[in-house]
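As provided, query_14.cif (mmCIF, C-alpha atoms) reads as follows.
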```cif
data_structure
#
loop_
_atom_site.group_PDB
_atom_site.id
_atom_site.type_symbol
_atom_site.label_atom_id
_atom_site.label_comp_id
_atom_site.auth_asym_id
_atom_site.auth_seq_id
_atom_site.Cartn_x
_atom_site.Cartn_y
_atom_site.Cartn_z
ATOM 1 C CA MET A 1 -9.491 25.547 18.169
ATOM 2 C CA LEU A 2 -7.116 24.084 20.723
ATOM 3 C CA LEU A 3 -4.344 26.338 19.474
ATOM 4 C CA ALA A 4 -6.567 29.422 19.744
ATOM 5 C CA ALA A 5 -7.553 28.465 23.293
ATOM 6 C CA SER A 6 -3.920 28.350 24.331
ATOM 7 C CA SER A 7 -3.116 31.828 22.993
ATOM 8 C CA GLY A 8 -2.470 33.160 26.515
ATOM 9 C CA ALA A 9 -0.168 30.275 27.448
ATOM 10 C CA ASP A 10 3.585 30.252 27.588
ATOM 11 C CA PRO A 11 5.078 30.703 24.040
ATOM 12 C CA ALA A 12 7.237 27.604 24.436
ATOM 13 C CA ARG A 13 4.210 25.479 25.345
ATOM 14 C CA ARG A 14 2.298 26.993 22.431
ATOM 15 C CA ILE A 15 5.082 25.984 20.024
ATOM 16 C CA LEU A 16 5.124 22.463 21.481
ATOM 17 C CA LEU A 17 1.357 22.223 21.075
ATOM 18 C CA GLN A 18 1.588 23.471 17.496
ATOM 19 C CA ASP A 19 4.314 20.899 16.726
ATOM 20 C CA ALA A 20 2.230 18.127 18.291
ATOM 21 C CA LEU A 21 -0.780 19.101 16.169
ATOM 22 C CA VAL A 22 1.344 19.114 13.005
ATOM 23 C CA LEU A 23 2.783 15.696 13.842
ATOM 24 C CA HIS A 24 -0.693 14.330 14.511
ATOM 25 C CA GLY A 25 -1.860 15.580 11.105
ATOM 26 C CA GLN A 26 1.141 14.015 9.404
ATOM 27 C CA LEU A 27 0.537 10.719 11.171
ATOM 28 C CA ARG A 28 -3.084 10.666 9.993
ATOM 29 C CA ARG A 29 -1.991 11.316 6.401
ATOM 30 C CA VAL A 30 0.662 8.590 6.545
ATOM 31 C CA GLU A 31 -1.826 6.085 7.983
ATOM 32 C CA SER A 32 -4.394 6.829 5.276
ATOM 33 C CA GLU A 33 -1.753 6.491 2.543
ATOM 34 C CA PHE A 34 -0.546 3.244 4.113
ATOM 35 C CA GLN A 35 -4.084 1.835 3.981
ATOM 36 C CA VAL A 36 -4.349 2.668 0.278
ATOM 37 C CA LEU A 37 -0.968 1.105 -0.462
ATOM 38 C CA TRP A 38 -1.808 -1.993 1.613
ATOM 39 C CA ARG A 39 -5.021 -2.555 -0.376
ATOM 40 C CA THR A 40 -3.048 -2.147 -3.608
ATOM 41 C CA ARG A 41 -0.477 -4.677 -2.403
ATOM 42 C CA LEU A 42 -3.189 -7.174 -1.491
ATOM 43 C CA THR A 43 -4.757 -6.722 -4.927
ATOM 44 C CA PHE A 44 -1.442 -7.462 -6.643
ATOM 45 C CA MET A 45 -0.838 -10.476 -4.406
ATOM 46 C CA ALA A 46 -4.264 -11.886 -5.290
ATOM 47 C CA TRP A 47 -3.648 -11.223 -8.998
ATOM 48 C CA ARG A 48 -0.282 -12.969 -8.779
ATOM 49 C CA ALA A 49 -1.818 -15.966 -7.019
ATOM 50 C CA VAL A 50 -4.167 -16.429 -9.983
ATOM 51 C CA HIS A 51 -1.880 -15.330 -12.796
ATOM 52 C CA LEU A 52 1.240 -17.382 -12.077
ATOM 53 C CA PRO A 53 -0.432 -20.816 -11.946
ATOM 54 C CA ALA A 54 -2.444 -19.988 -15.062
ATOM 55 C CA ALA A 55 0.693 -18.836 -16.914
ATOM 56 C CA LEU A 56 2.542 -21.971 -15.845
ATOM 57 C CA LEU A 57 -0.329 -24.182 -17.006
ATOM 58 C CA LEU A 58 -0.529 -22.432 -20.368
ATOM 59 C CA GLY A 59 3.258 -22.647 -20.777
ATOM 60 C CA VAL A 60 3.152 -26.394 -20.190
ATOM 61 C CA ALA A 61 0.276 -26.681 -22.682
ATOM 62 C CA VAL A 62 2.315 -24.806 -25.316
ATOM 63 C CA VAL A 63 5.329 -27.046 -24.762
ATOM 64 C CA ALA A 64 3.130 -30.163 -24.979
ATOM 65 C CA HIS A 65 1.572 -28.848 -28.168
ATOM 66 C CA VAL A 66 4.947 -28.121 -29.789
ATOM 67 C CA VAL A 67 6.305 -31.517 -28.735
ATOM 68 C CA SER A 68 3.250 -33.270 -30.169
ATOM 69 C CA LEU A 69 3.695 -31.373 -33.453
ATOM 70 C CA VAL A 70 7.357 -32.393 -33.679
ATOM 71 C CA ILE A 71 6.550 -36.054 -32.931
ATOM 72 C CA TYR A 72 3.794 -36.310 -35.526
#
```
Show how you would write the structure in this file as structure tokens.
Amino acid sequence: MLLAASSGADPARRILLQDALVLHGQLRRVESEFQVLWRTRLTFMAWRAVHLPAALLLGVAVVAHVVSLVIY
């Protein structure tokens, strides 16, 4: 709509306006993709915060179990 309203303007200004509108659209797409990727990163960070201590605990339990089997 803004581009159509400037149809009588100087061609150089029209090209600058068109470029600005394209850049604005690209910025909006990049920001929306960034938000999706940020949520994904936070999900993986939360999963890692739970998974690593649990894996470490289970690893220690396996080692303790094997050691107790060797001793007895």
Check your understanding: What does the distance from CA of Leu52 in chain A to CA of Ile71 in chain A come to in Å, to one decimal?
Key -> 28.5 Å
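When CA of Gly59 in chain A is paired with CA of Phe44 in chain A, their separation reads 21.3 Å.
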Any chance you could work out the axis-aligned box around range 51-68 of chain A, listed atoms only, 4 Å on each side, giving centre and edge lengths in Å to one decimal, as lines of an AutoDock Vina configuration file?
```
center_x = 1.9
center_y = -24.3
center_z = -21.1
size_x = 16.7
size_y = 25.9
size_z = 26.2
```
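Between CA of Glu33 in chain A and CA of Arg48 in chain A there is a distance of 22.6 Å.
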